[in-house]
file my_file23.txt (compact mmCIF, C-alpha atoms)
# COMPACT_ATOMS: atom_id res chain seq x y z
CA MET A 1 0.00 0.00 0.00
CA SER A 2 1.48 3.31 -1.04
CA LYS A 3 2.20 5.65 1.86
CA ARG A 4 1.59 8.57 -0.43
CA ARG A 5 -1.94 7.49 -1.26
CA VAL A 6 -2.65 6.88 2.42
CA SER A 7 -1.40 10.36 3.36
CA PHE A 8 -3.56 11.81 0.59
CA LEU A 9 -6.61 10.19 2.20
CA ARG A 10 -5.61 11.02 5.76
CA ALA A 11 -5.51 14.72 4.86
CA ARG A 12 -9.18 14.44 3.88
CA ILE A 13 -10.44 13.13 7.24
CA ARG A 14 -11.62 15.97 9.46
CA ASP A 15 -11.54 15.86 13.25
CA VAL A 16 -14.77 17.14 14.79
CA PRO A 17 -14.48 17.55 18.58
CA ASN A 18 -17.30 16.59 20.97
CA PHE A 19 -19.39 14.61 18.49
CA PRO A 20 -21.60 12.66 19.00
CA LYS A 21 -20.95 13.60 22.62
CA GLU A 22 -18.58 15.59 24.85
CA GLY A 23 -15.03 14.29 24.83
CA ILE A 24 -15.27 12.30 21.58
CA LEU A 25 -13.11 13.37 18.63
CA PHE A 26 -15.15 12.28 15.62
CA LYS A 27 -13.48 11.27 12.36
CA ASP A 28 -15.52 12.99 9.66
CA ILE A 29 -15.20 11.34 6.24
CA THR A 30 -17.27 13.88 4.31
CA PRO A 31 -14.23 15.84 3.01
CA LEU A 32 -12.95 12.59 1.51
CA LEU A 33 -16.31 11.88 -0.14
CA ALA A 34 -16.40 15.42 -1.52
CA ASP A 35 -13.09 14.87 -3.35
CA VAL A 36 -13.61 12.43 -6.22
CA GLU A 37 -9.88 11.69 -6.53
CA ALA A 38 -9.69 10.80 -2.84
CA PHE A 39 -12.79 8.60 -3.11
CA ARG A 40 -11.25 6.78 -6.08
CA VAL A 41 -7.96 6.27 -4.27
CA CYS A 42 -9.87 4.95 -1.28
CA ILE A 43 -11.74 2.39 -3.39
CA GLU A 44 -8.48 1.38 -5.13
CA LEU A 45 -6.77 0.80 -1.79
CA MET A 46 -9.72 -1.28 -0.63
CA ALA A 47 -9.85 -3.31 -3.85
CA GLU A 48 -6.17 -4.03 -4.47
CA PRO A 49 -5.60 -6.59 -1.69
CA LEU A 50 -8.86 -8.32 -2.69
CA GLU A 51 -8.14 -8.69 -6.38
CA PRO A 52 -6.44 -12.10 -6.07
CA GLU A 53 -9.44 -13.40 -4.08
CA ALA A 54 -12.53 -15.12 -5.44
CA ILE A 55 -15.25 -12.80 -4.13
CA ASP A 56 -18.95 -13.27 -4.89
CA ALA A 57 -20.44 -10.12 -3.36
CA VAL A 58 -19.76 -7.02 -1.28
CA VAL A 59 -21.89 -6.52 1.83
CA GLY A 60 -22.18 -2.89 3.00
CA ILE A 61 -23.38 -1.82 6.43
CA GLU A 62 -25.95 1.01 6.70
CA SER A 63 -25.43 3.75 6.00
CA ARG A 64 -21.85 4.99 5.45
CA GLY A 65 -20.91 1.47 4.34
CA PHE A 66 -23.32 1.93 1.42
CA MET A 67 -21.16 4.58 -0.26
CA PHE A 68 -17.93 2.61 -0.05
CA GLY A 69 -19.59 -0.77 -0.52
CA ALA A 70 -21.45 0.04 -3.73
CA ALA A 71 -18.31 1.55 -5.28
CA LEU A 72 -16.12 -1.36 -4.14
CA ALA A 73 -18.59 -3.90 -5.54
CA ASP A 74 -18.52 -2.10 -8.88
CA LYS A 75 -14.70 -2.06 -8.80
CA LEU A 76 -14.52 -5.79 -8.02
CA GLY A 77 -17.23 -6.60 -10.57
CA VAL A 78 -19.62 -8.22 -8.10
CA GLY A 79 -23.04 -7.45 -6.66
CA PHE A 80 -23.76 -5.28 -3.65
CA ILE A 81 -25.81 -6.48 -0.66
CA PRO A 82 -27.07 -3.99 1.94
CA VAL A 83 -27.19 -4.83 5.65
CA ARG A 84 -29.74 -2.51 7.22
CA LYS A 85 -31.29 -1.40 10.47
CA PRO A 86 -34.47 -3.27 11.46
CA GLY A 87 -37.61 -2.68 9.44
CA LYS A 88 -35.88 -1.24 6.38
CA LEU A 89 -35.50 -4.33 4.16
CA PRO A 90 -38.86 -5.28 2.65
CA ALA A 91 -38.59 -9.05 2.10
CA ALA A 92 -37.92 -11.84 4.64
CA THR A 93 -34.80 -11.11 6.70
CA TYR A 94 -32.44 -12.63 9.21
CA ARG A 95 -31.81 -10.39 12.20
CA VAL A 96 -28.91 -10.28 14.66
CA GLU A 97 -28.85 -8.20 17.83
CA TYR A 98 -25.67 -6.81 19.29
CA ASP A 99 -24.69 -4.85 22.37
CA LEU A 100 -23.97 -1.14 22.44
CA GLU A 101 -22.39 0.83 25.25
CA TYR A 102 -25.92 1.36 26.59
CA GLY A 103 -28.61 -1.01 25.38
CA SER A 104 -28.55 -2.97 22.15
CA ASP A 105 -29.20 -2.60 18.46
CA ALA A 106 -29.96 -4.96 15.57
CA ILE A 107 -29.23 -5.32 11.88
CA GLU A 108 -30.83 -7.36 9.13
CA ILE A 109 -30.05 -8.99 5.80
CA HIS A 110 -32.46 -10.39 3.21
CA GLN A 111 -32.64 -14.16 3.59
CA ASP A 112 -32.15 -14.60 -0.16
CA ALA A 113 -29.38 -12.01 -0.47
CA LEU A 114 -26.56 -14.54 -0.66
CA SER A 115 -26.12 -18.07 -1.96
CA ARG A 116 -24.74 -20.93 0.06
CA ASP A 117 -20.92 -20.90 0.02
CA ASP A 118 -20.69 -17.35 -1.36
CA ARG A 119 -17.50 -15.63 -0.23
CA VAL A 120 -18.19 -12.01 0.58
CA VAL A 121 -16.37 -8.84 1.59
CA VAL A 122 -17.96 -6.83 4.39
CA VAL A 123 -17.38 -3.07 4.17
CA ASP A 124 -17.91 -0.19 6.54
CA ASP A 125 -16.34 3.23 6.90
CA LEU A 126 -15.02 2.59 10.41
CA ILE A 127 -14.34 -0.12 12.96
CA ALA A 128 -14.61 0.86 16.61
CA THR A 129 -15.48 -1.97 19.02
CA GLY A 130 -16.39 -4.27 16.15
CA GLY A 131 -19.90 -5.08 17.35
CA THR A 132 -21.65 -4.25 14.10
CA ALA A 133 -19.03 -6.05 12.03
CA LEU A 134 -19.31 -9.17 14.16
CA ALA A 135 -23.12 -9.10 13.86
CA THR A 136 -22.75 -8.74 10.09
CA LYS A 137 -20.49 -11.79 9.99
CA GLU A 138 -23.22 -13.72 11.80
CA LEU A 139 -25.81 -12.52 9.25
CA VAL A 140 -23.59 -13.68 6.38
CA GLN A 141 -23.19 -17.07 8.04
CA ARG A 142 -26.97 -17.36 8.59
CA CYS A 143 -27.25 -17.13 4.79
CA GLY A 144 -24.84 -20.08 4.49
CA ALA A 145 -22.13 -17.81 3.11
CA GLU A 146 -18.77 -16.81 4.56
CA VAL A 147 -16.82 -13.60 5.12
CA ALA A 148 -13.64 -13.70 3.04
CA ALA A 149 -12.53 -10.30 4.35
CA PHE A 150 -13.59 -7.18 6.22
CA VAL A 151 -12.62 -3.78 4.84
CA PHE A 152 -12.71 -0.55 6.85
CA LEU A 153 -11.49 2.87 5.83
CA ILE A 154 -10.76 3.81 9.46
CA ASN A 155 -9.60 1.67 12.37
CA LEU A 156 -9.83 3.13 15.89
CA VAL A 157 -6.86 1.12 17.12
CA ASP A 158 -7.33 1.60 20.87
CA LEU A 159 -10.77 0.01 20.80
CA ASP A 160 -9.24 -3.10 19.25
CA GLY A 161 -12.37 -4.15 17.37
CA ILE A 162 -10.26 -6.18 14.97
CA ALA A 163 -9.42 -8.62 17.76
CA ARG A 164 -13.11 -9.56 17.97
CA LEU A 165 -13.15 -10.46 14.27
CA ASP A 166 -10.23 -12.83 14.67
CA PRO A 167 -9.30 -14.95 12.75
CA SER A 168 -11.00 -13.14 9.86
CA ARG A 169 -8.95 -11.30 7.31
CA VAL A 170 -9.23 -7.54 7.98
CA ILE A 171 -8.08 -4.72 5.69
CA THR A 172 -7.91 -1.19 7.10
CA ILE A 173 -6.64 1.91 5.34
CA LEU A 174 -6.22 4.56 8.07
CA ASP A 175 -5.31 3.72 11.67
CA TYR A 176 -6.01 6.19 14.46
CA MET B 1 -32.50 6.08 -23.48
CA SER B 2 -32.39 2.51 -24.66
CA LYS B 3 -35.60 0.59 -24.00
CA ARG B 4 -33.57 -2.59 -23.75
CA ARG B 5 -31.47 -1.25 -20.88
CA VAL B 6 -34.58 0.01 -19.11
CA SER B 7 -36.25 -3.41 -19.41
CA PHE B 8 -33.09 -5.03 -18.10
CA LEU B 9 -33.35 -2.85 -14.99
CA ARG B 10 -37.10 -3.23 -14.62
CA ALA B 11 -36.71 -7.00 -14.42
CA ARG B 12 -34.48 -6.47 -11.37
CA ILE B 13 -37.02 -4.53 -9.30
CA ARG B 14 -38.98 -6.85 -7.03
CA ASP B 15 -42.52 -6.17 -5.86
CA VAL B 16 -42.96 -6.83 -2.15
CA PRO B 17 -46.63 -6.68 -1.12
CA ASN B 18 -47.78 -5.05 2.14
CA PHE B 19 -44.53 -3.28 2.96
CA PRO B 20 -44.01 -1.07 4.89
CA LYS B 21 -47.71 -1.48 5.64
CA GLU B 22 -50.82 -3.36 4.49
CA GLY B 23 -51.91 -2.44 0.98
CA ILE B 24 -48.59 -0.98 -0.19
CA LEU B 25 -46.72 -2.72 -3.03
CA PHE B 26 -43.09 -1.89 -2.28
CA LYS B 27 -40.52 -1.57 -5.07
CA ASP B 28 -37.48 -3.47 -3.80
CA ILE B 29 -34.24 -2.41 -5.48
CA THR B 30 -31.99 -4.98 -3.79
CA PRO B 31 -32.05 -7.43 -6.75
CA LEU B 32 -30.75 -4.61 -8.94
CA LEU B 33 -27.96 -3.81 -6.47
CA ALA B 34 -27.04 -7.49 -6.30
CA ASP B 35 -26.43 -7.60 -10.06
CA VAL B 36 -23.32 -5.59 -10.91
CA GLU B 37 -24.26 -5.33 -14.59
CA ALA B 38 -27.64 -3.89 -13.69
CA PHE B 39 -26.08 -1.45 -11.25
CA ARG B 40 -23.65 -0.28 -13.94
CA VAL B 41 -26.44 0.14 -16.48
CA CYS B 42 -28.41 2.12 -13.92
CA ILE B 43 -25.50 4.50 -13.28
CA GLU B 44 -24.92 4.85 -17.05
CA LEU B 45 -28.56 5.76 -17.62
CA MET B 46 -28.38 8.31 -14.81
CA ALA B 47 -25.11 9.82 -16.08
CA GLU B 48 -25.76 10.03 -19.82
CA PRO B 49 -28.25 12.91 -19.82
CA LEU B 50 -26.00 14.80 -17.39
CA GLU B 51 -22.77 14.54 -19.34
CA PRO B 52 -23.30 17.73 -21.35
CA GLU B 53 -23.98 19.64 -18.11
CA ALA B 54 -21.43 21.44 -15.94
CA ILE B 55 -21.95 19.68 -12.62
CA ASP B 56 -19.91 20.42 -9.50
CA ALA B 57 -21.15 17.73 -7.10
CA VAL B 58 -23.66 14.94 -6.57
CA VAL B 59 -25.86 15.16 -3.48
CA GLY B 60 -27.23 11.81 -2.26
CA ILE B 61 -30.14 11.42 0.15
CA GLU B 62 -29.80 8.98 3.07
CA SER B 63 -29.63 6.14 2.77
CA ARG B 64 -30.48 4.43 -0.54
CA GLY B 65 -29.41 7.59 -2.32
CA PHE B 66 -25.90 6.95 -0.98
CA MET B 67 -25.37 3.86 -3.13
CA PHE B 68 -26.48 5.48 -6.38
CA GLY B 69 -25.10 8.90 -5.52
CA ALA B 70 -21.54 7.80 -4.71
CA ALA B 71 -21.36 5.75 -7.91
CA LEU B 72 -22.87 8.54 -10.02
CA ALA B 73 -20.43 11.08 -8.57
CA ASP B 74 -17.54 8.79 -9.48
CA LYS B 75 -18.96 8.34 -12.99
CA LEU B 76 -19.34 12.11 -13.47
CA GLY B 77 -15.92 12.80 -11.92
CA VAL B 78 -17.22 15.03 -9.13
CA GLY B 79 -17.44 14.86 -5.36
CA PHE B 80 -20.25 13.29 -3.34
CA ILE B 81 -22.16 15.17 -0.65
CA PRO B 82 -24.43 13.26 1.77
CA VAL B 83 -27.76 14.66 2.98
CA ARG B 84 -28.58 12.90 6.22
CA LYS B 85 -31.19 12.47 8.92
CA PRO B 86 -30.79 14.83 11.90
CA GLY B 87 -27.89 14.27 14.26
CA LYS B 88 -25.79 12.21 11.86
CA LEU B 89 -23.53 14.84 10.29
CA PRO B 90 -20.85 15.92 12.78
CA ALA B 91 -20.03 19.50 11.76
CA ALA B 92 -22.31 22.57 11.54
CA THR B 93 -25.40 21.84 9.44
CA TYR B 94 -28.40 23.44 7.82
CA ARG B 95 -31.66 21.65 8.58
CA VAL B 96 -34.96 21.60 6.70
CA GLU B 97 -38.15 20.04 8.03
CA TYR B 98 -40.76 18.55 5.76
CA ASP B 99 -44.18 17.00 6.18
CA LEU B 100 -44.89 13.30 6.10
CA GLU B 101 -48.28 11.62 5.84
CA TYR B 102 -48.36 11.68 9.66
CA GLY B 103 -46.04 14.13 11.40
CA SER B 104 -42.83 15.54 9.99
CA ASP B 105 -39.20 14.68 9.42
CA ALA B 106 -36.02 16.64 8.81
CA ILE B 107 -32.79 16.34 6.87
CA GLU B 108 -29.45 18.09 7.11
CA ILE B 109 -26.43 19.09 5.04
CA HIS B 110 -23.05 20.33 6.20
CA GLN B 111 -22.92 24.11 5.91
CA ASP B 112 -19.55 23.90 4.15
CA ALA B 113 -20.52 20.99 1.88
CA LEU B 114 -21.04 23.14 -1.20
CA SER B 115 -19.60 26.35 -2.59
CA ARG B 116 -21.65 29.32 -3.64
CA ASP B 117 -22.94 28.88 -7.21
CA ASP B 118 -22.15 25.16 -7.34
CA ARG B 119 -24.49 23.31 -9.66
CA VAL B 120 -25.41 19.95 -8.18
CA VAL B 121 -27.31 16.80 -9.06
CA VAL B 122 -29.58 15.43 -6.33
CA VAL B 123 -29.99 11.64 -6.37
CA ASP B 124 -32.31 9.23 -4.64
CA ASP B 125 -33.58 5.76 -5.44
CA LEU B 126 -37.23 6.80 -5.63
CA ILE B 127 -39.54 9.78 -5.83
CA ALA B 128 -42.96 9.40 -4.23
CA THR B 129 -44.62 12.65 -3.05
CA GLY B 130 -41.34 14.57 -3.52
CA GLY B 131 -41.17 15.94 0.02
CA THR B 132 -37.62 14.80 0.71
CA ALA B 133 -36.40 15.96 -2.70
CA LEU B 134 -37.94 19.39 -2.21
CA ALA B 135 -36.36 19.69 1.23
CA THR B 136 -33.01 18.71 -0.29
CA LYS B 137 -33.38 21.44 -2.90
CA GLU B 138 -33.91 23.91 -0.07
CA LEU B 139 -30.75 22.63 1.69
CA VAL B 140 -28.73 23.08 -1.50
CA GLN B 141 -30.07 26.62 -1.86
CA ARG B 142 -29.23 27.39 1.79
CA CYS B 143 -25.60 26.61 0.84
CA GLY B 144 -25.86 29.19 -1.95
CA ALA B 145 -25.76 26.47 -4.58
CA GLU B 146 -28.39 25.35 -7.07
CA VAL B 147 -29.93 22.07 -8.20
CA ALA B 148 -29.09 21.49 -11.86
CA ALA B 149 -31.06 18.23 -11.94
CA PHE B 150 -32.77 15.59 -9.85
CA VAL B 151 -32.20 11.93 -10.68
CA PHE B 152 -34.38 9.09 -9.42
CA LEU B 153 -34.23 5.44 -10.38
CA ILE B 154 -37.96 5.00 -9.71
CA ASN B 155 -40.85 7.41 -10.15
CA LEU B 156 -44.20 6.55 -8.56
CA VAL B 157 -46.16 8.40 -11.23
CA ASP B 158 -49.55 8.53 -9.47
CA LEU B 159 -48.10 10.48 -6.56
CA ASP B 160 -46.85 13.13 -8.97
CA GLY B 161 -43.91 14.20 -6.84
CA ILE B 162 -42.17 15.59 -9.92
CA ALA B 163 -44.80 18.34 -10.16
CA ARG B 164 -43.61 19.68 -6.80
CA LEU B 165 -40.05 20.00 -8.12
CA ASP B 166 -41.17 22.09 -11.08
CA PRO B 167 -39.48 23.80 -12.89
CA SER B 168 -36.40 21.73 -12.00
CA ARG B 169 -34.96 19.29 -14.47
CA VAL B 170 -35.90 15.75 -13.38
CA ILE B 171 -34.48 12.49 -14.78
CA THR B 172 -36.23 9.24 -13.92
CA ILE B 173 -35.37 5.77 -15.20
CA LEU B 174 -38.33 3.55 -14.28
CA ASP B 175 -41.91 4.83 -14.07
CA TYR B 176 -44.54 2.91 -12.12
call {"tool": "encode", "arguments": {"input": "my_file23.txt", "output": "structure tokens"}}
result
Amino acid sequence: MSKRRVSFLRARIRDVPNFPKEGILFKDITPLLADVEAFRVCIELMAEPLEPEAIDAVVGIESRGFMFGAALADKLGVGFIPVRKPGKLPAATYRVEYDLEYGSDAIEIHQDALSRDDRVVVVDDLIATGGTALATKELVQRCGAEVAAFVFLINLVDLDGIARLDPSRVITILDY
Amino acid sequence: MSKRRVSFLRARIRDVPNFPKEGILFKDITPLLADVEAFRVCIELMAEPLEPEAIDAVVGIESRGFMFGAALADKLGVGFIPVRKPGKLPAATYRVEYDLEYGSDAIEIHQDALSRDDRVVVVDDLIATGGTALATKELVQRCGAEVAAFVFLINLVDLDGIARLDPSRVITILDY
């Protein structure tokens, strides 16, 4: 991975203090999205390590994962599958609940979204504690498919979410 | 616009009865997203009428508009700007409220997302009554920019949302 391309992306992530609450320094990806060259570099860096792999689909997590996931799927020449919050997908779904700091949340996938033995890439903009990613892996497995790799633009290293995805293959572009 | 390409897309929209409530026949776009050729044709059909235009950015409406919007922005070689539900964008925003069948909702844009006099394309998967699209137009105008065109994959003709966007330029791919 070229350090120059990574620096180019890093310069397009904006720190927003005290969002979503006091004391949190939020990593805002909208300057990257607003720069088409940066977006293209980002998708290239996500796709390159996956090109030798046999991938059947890209699964994107609502809703920032939709922007990167749809573009990555196009780049890899495979279909895009959305994982959504409850009540958003119209046909029959599988649902997995996962814990948040306070309370819990859930995500869903269409039951017919994947075929048995499909190998998929799961994409989101950011990995923090890894709860959503782990729940997405479970959804993929409920479909009889498997996660070949996870891809995240941003990895919040101190929260060590990647450890929870072990032994999955995980690709991250920017570590903080 | 080639009728053959439109039919190819139409065959990948699934009718789901009684979603989100009894009596509604929901147009499910997930089979189209799952077929990379269909997704590419969709983005081509969205981009072609815009290619003669001077466009500065694509604005996508959360969250299905993110998938089409990010890909269309890439195709047109311009940046992507997300319009999101309240509380999701981290920096200073403009907010516009709009009426729903029962109650109201709101959407936001970053105040620095667009430059004065930018000409933008607003994208969403579907236009129904046009309330969200109209609110997005207002957000774009609050930034000092203007909507050069709206693009929707699906137009629910009976609801006549397009009339509310008049005299804006509106591109739709599939009419129902």
call {"tool": "interface_residues", "arguments": {"input": "my_file23.txt", "of": "chain B", "to": "chain A", "cutoff": "10 Å", "atoms": "all atoms listed in the file", "output": "ChimeraX atom specification"}}
result
/B:14-20,26-40,57-60,62-82,84,87-92,110,112-114
call {"tool": "residues_around", "arguments": {"input": "my_file23.txt", "residues": "Ala128 of chain A", "least_positions_apart": "4", "cutoff": "7 Å", "atoms": "only C-alpha atoms", "output": "PyMOL selection string"}}
result
chain A and resi 155-156+159+161
call {"tool": "atom_distance", "arguments": {"input": "my_file23.txt", "atom1": "atom CA of Leu50 of chain A", "atom2": "atom CA of Ile109 of chain A"}}
result
22.8 Å
call {"tool": "residues_around", "arguments": {"input": "my_file23.txt", "residues": "Cys143 of chain A", "least_positions_apart": "5", "cutoff": "12 Å", "atoms": "all atoms listed in the file", "output": "mmCIF file with C-alpha atoms, in the frame of the given file"}}
result
data_model
loop_
_atom_site.group_PDB
_atom_site.id
_atom_site.type_symbol
_atom_site.label_atom_id
_atom_site.label_comp_id
_atom_site.auth_asym_id
_atom_site.auth_seq_id
_atom_site.Cartn_x
_atom_site.Cartn_y
_atom_site.Cartn_z
ATOM 1 C CA ALA A 92 -37.920 -11.840 4.640
ATOM 2 C CA THR A 93 -34.800 -11.110 6.700
ATOM 3 C CA TYR A 94 -32.440 -12.630 9.210
ATOM 4 C CA ARG A 95 -31.810 -10.390 12.200
ATOM 5 C CA GLU A 108 -30.830 -7.360 9.130
ATOM 6 C CA ILE A 109 -30.050 -8.990 5.800
ATOM 7 C CA HIS A 110 -32.460 -10.390 3.210
ATOM 8 C CA GLN A 111 -32.640 -14.160 3.590
ATOM 9 C CA ASP A 112 -32.150 -14.600 -0.160
ATOM 10 C CA ALA A 113 -29.380 -12.010 -0.470
ATOM 11 C CA LEU A 114 -26.560 -14.540 -0.660
ATOM 12 C CA SER A 115 -26.120 -18.070 -1.960
ATOM 13 C CA ARG A 116 -24.740 -20.930 0.060
ATOM 14 C CA ASP A 117 -20.920 -20.900 0.020
ATOM 15 C CA ASP A 118 -20.690 -17.350 -1.360
ATOM 16 C CA ARG A 119 -17.500 -15.630 -0.230
ATOM 17 C CA VAL A 120 -18.190 -12.010 0.580
ATOM 18 C CA THR A 136 -22.750 -8.740 10.090
ATOM 19 C CA LYS A 137 -20.490 -11.790 9.990
ATOM 20 C CA GLU A 138 -23.220 -13.720 11.800
#
call {"tool": "atom_distance", "arguments": {"input": "my_file23.txt", "atom1": "atom CA of Phe150 of chain B", "atom2": "atom CA of Val41 of chain A"}}
result
27.1 Å
call {"tool": "residues_around", "arguments": {"input": "my_file23.txt", "residues": "segment 130-135 of chain B", "least_positions_apart": "3", "cutoff": "12 Å", "atoms": "only C-alpha atoms", "output": "count of residues only"}}
result
56
call {"tool": "atom_distance", "arguments": {"input": "my_file23.txt", "atom1": "atom CA of Ala11 of chain A", "atom2": "atom CA of Glu146 of chain B"}}
result
27.9 Å
call {"tool": "axis_aligned_box", "arguments": {"input": "my_file23.txt", "around": "segment 161-164 of chain B", "padding_each_side": "5 Å", "output": "JSON"}}
result
{"center_x": -43.5, "center_y": 16.9, "center_z": -8.5, "size_x": 12.6, "size_y": 15.5, "size_z": 13.4}
call {"tool": "build_atoms", "arguments": {"input": "my_file23.txt", "residues": "segment 146-160 of chain B", "atoms": "N, CA, C and O atoms", "output": "short mmCIF file (atom, residue, chain, number, x, y, z; two decimals), in the frame of the given file"}}
result
data_model
loop_
_atom_site.label_atom_id
_atom_site.label_comp_id
_atom_site.auth_asym_id
_atom_site.auth_seq_id
_atom_site.Cartn_x
_atom_site.Cartn_y
_atom_site.Cartn_z
N GLU B 146 -27.11 25.61 -6.41
CA GLU B 146 -28.39 25.35 -7.07
C GLU B 146 -28.47 23.92 -7.59
O GLU B 146 -27.45 23.29 -7.87
N VAL B 147 -29.70 23.42 -7.69
CA VAL B 147 -29.93 22.07 -8.20
C VAL B 147 -30.03 22.15 -9.72
O VAL B 147 -30.97 22.74 -10.26
N ALA B 148 -29.06 21.53 -10.40
CA ALA B 148 -29.09 21.49 -11.86
C ALA B 148 -30.06 20.41 -12.34
O ALA B 148 -30.69 20.55 -13.38
N ALA B 149 -30.16 19.33 -11.57
CA ALA B 149 -31.06 18.23 -11.94
C ALA B 149 -31.30 17.32 -10.74
O ALA B 149 -30.45 17.21 -9.85
N PHE B 150 -32.47 16.69 -10.76
CA PHE B 150 -32.77 15.59 -9.85
C PHE B 150 -32.72 14.29 -10.64
O PHE B 150 -33.17 14.27 -11.80
N VAL B 151 -32.21 13.24 -10.03
CA VAL B 151 -32.20 11.93 -10.68
C VAL B 151 -32.79 10.90 -9.73
O VAL B 151 -32.35 10.80 -8.57
N PHE B 152 -33.77 10.16 -10.22
CA PHE B 152 -34.38 9.09 -9.42
C PHE B 152 -34.42 7.82 -10.26
O PHE B 152 -34.79 7.86 -11.44
N LEU B 153 -34.08 6.71 -9.66
CA LEU B 153 -34.23 5.44 -10.38
C LEU B 153 -35.71 5.16 -10.65
O LEU B 153 -36.09 4.80 -11.75
N ILE B 154 -36.54 5.36 -9.62
CA ILE B 154 -37.96 5.00 -9.71
C ILE B 154 -38.84 6.22 -9.47
O ILE B 154 -38.61 6.98 -8.53
N ASN B 155 -39.86 6.36 -10.30
CA ASN B 155 -40.85 7.41 -10.15
C ASN B 155 -42.23 6.78 -9.95
O ASN B 155 -42.71 6.06 -10.82
N LEU B 156 -42.83 7.04 -8.79
CA LEU B 156 -44.20 6.55 -8.56
C LEU B 156 -45.15 7.60 -9.15
O LEU B 156 -45.49 8.59 -8.51
N VAL B 157 -45.53 7.36 -10.40
CA VAL B 157 -46.16 8.40 -11.23
C VAL B 157 -47.44 8.97 -10.60
O VAL B 157 -47.66 10.18 -10.63
N ASP B 158 -48.26 8.08 -10.01
CA ASP B 158 -49.55 8.53 -9.47
C ASP B 158 -49.40 9.57 -8.36
O ASP B 158 -50.31 10.37 -8.13
N LEU B 159 -48.28 9.53 -7.67
CA LEU B 159 -48.10 10.48 -6.56
C LEU B 159 -47.62 11.84 -7.04
O LEU B 159 -47.64 12.82 -6.29
N ASP B 160 -47.16 11.87 -8.28
CA ASP B 160 -46.85 13.13 -8.97
C ASP B 160 -45.88 14.03 -8.20
O ASP B 160 -46.02 15.26 -8.20
#
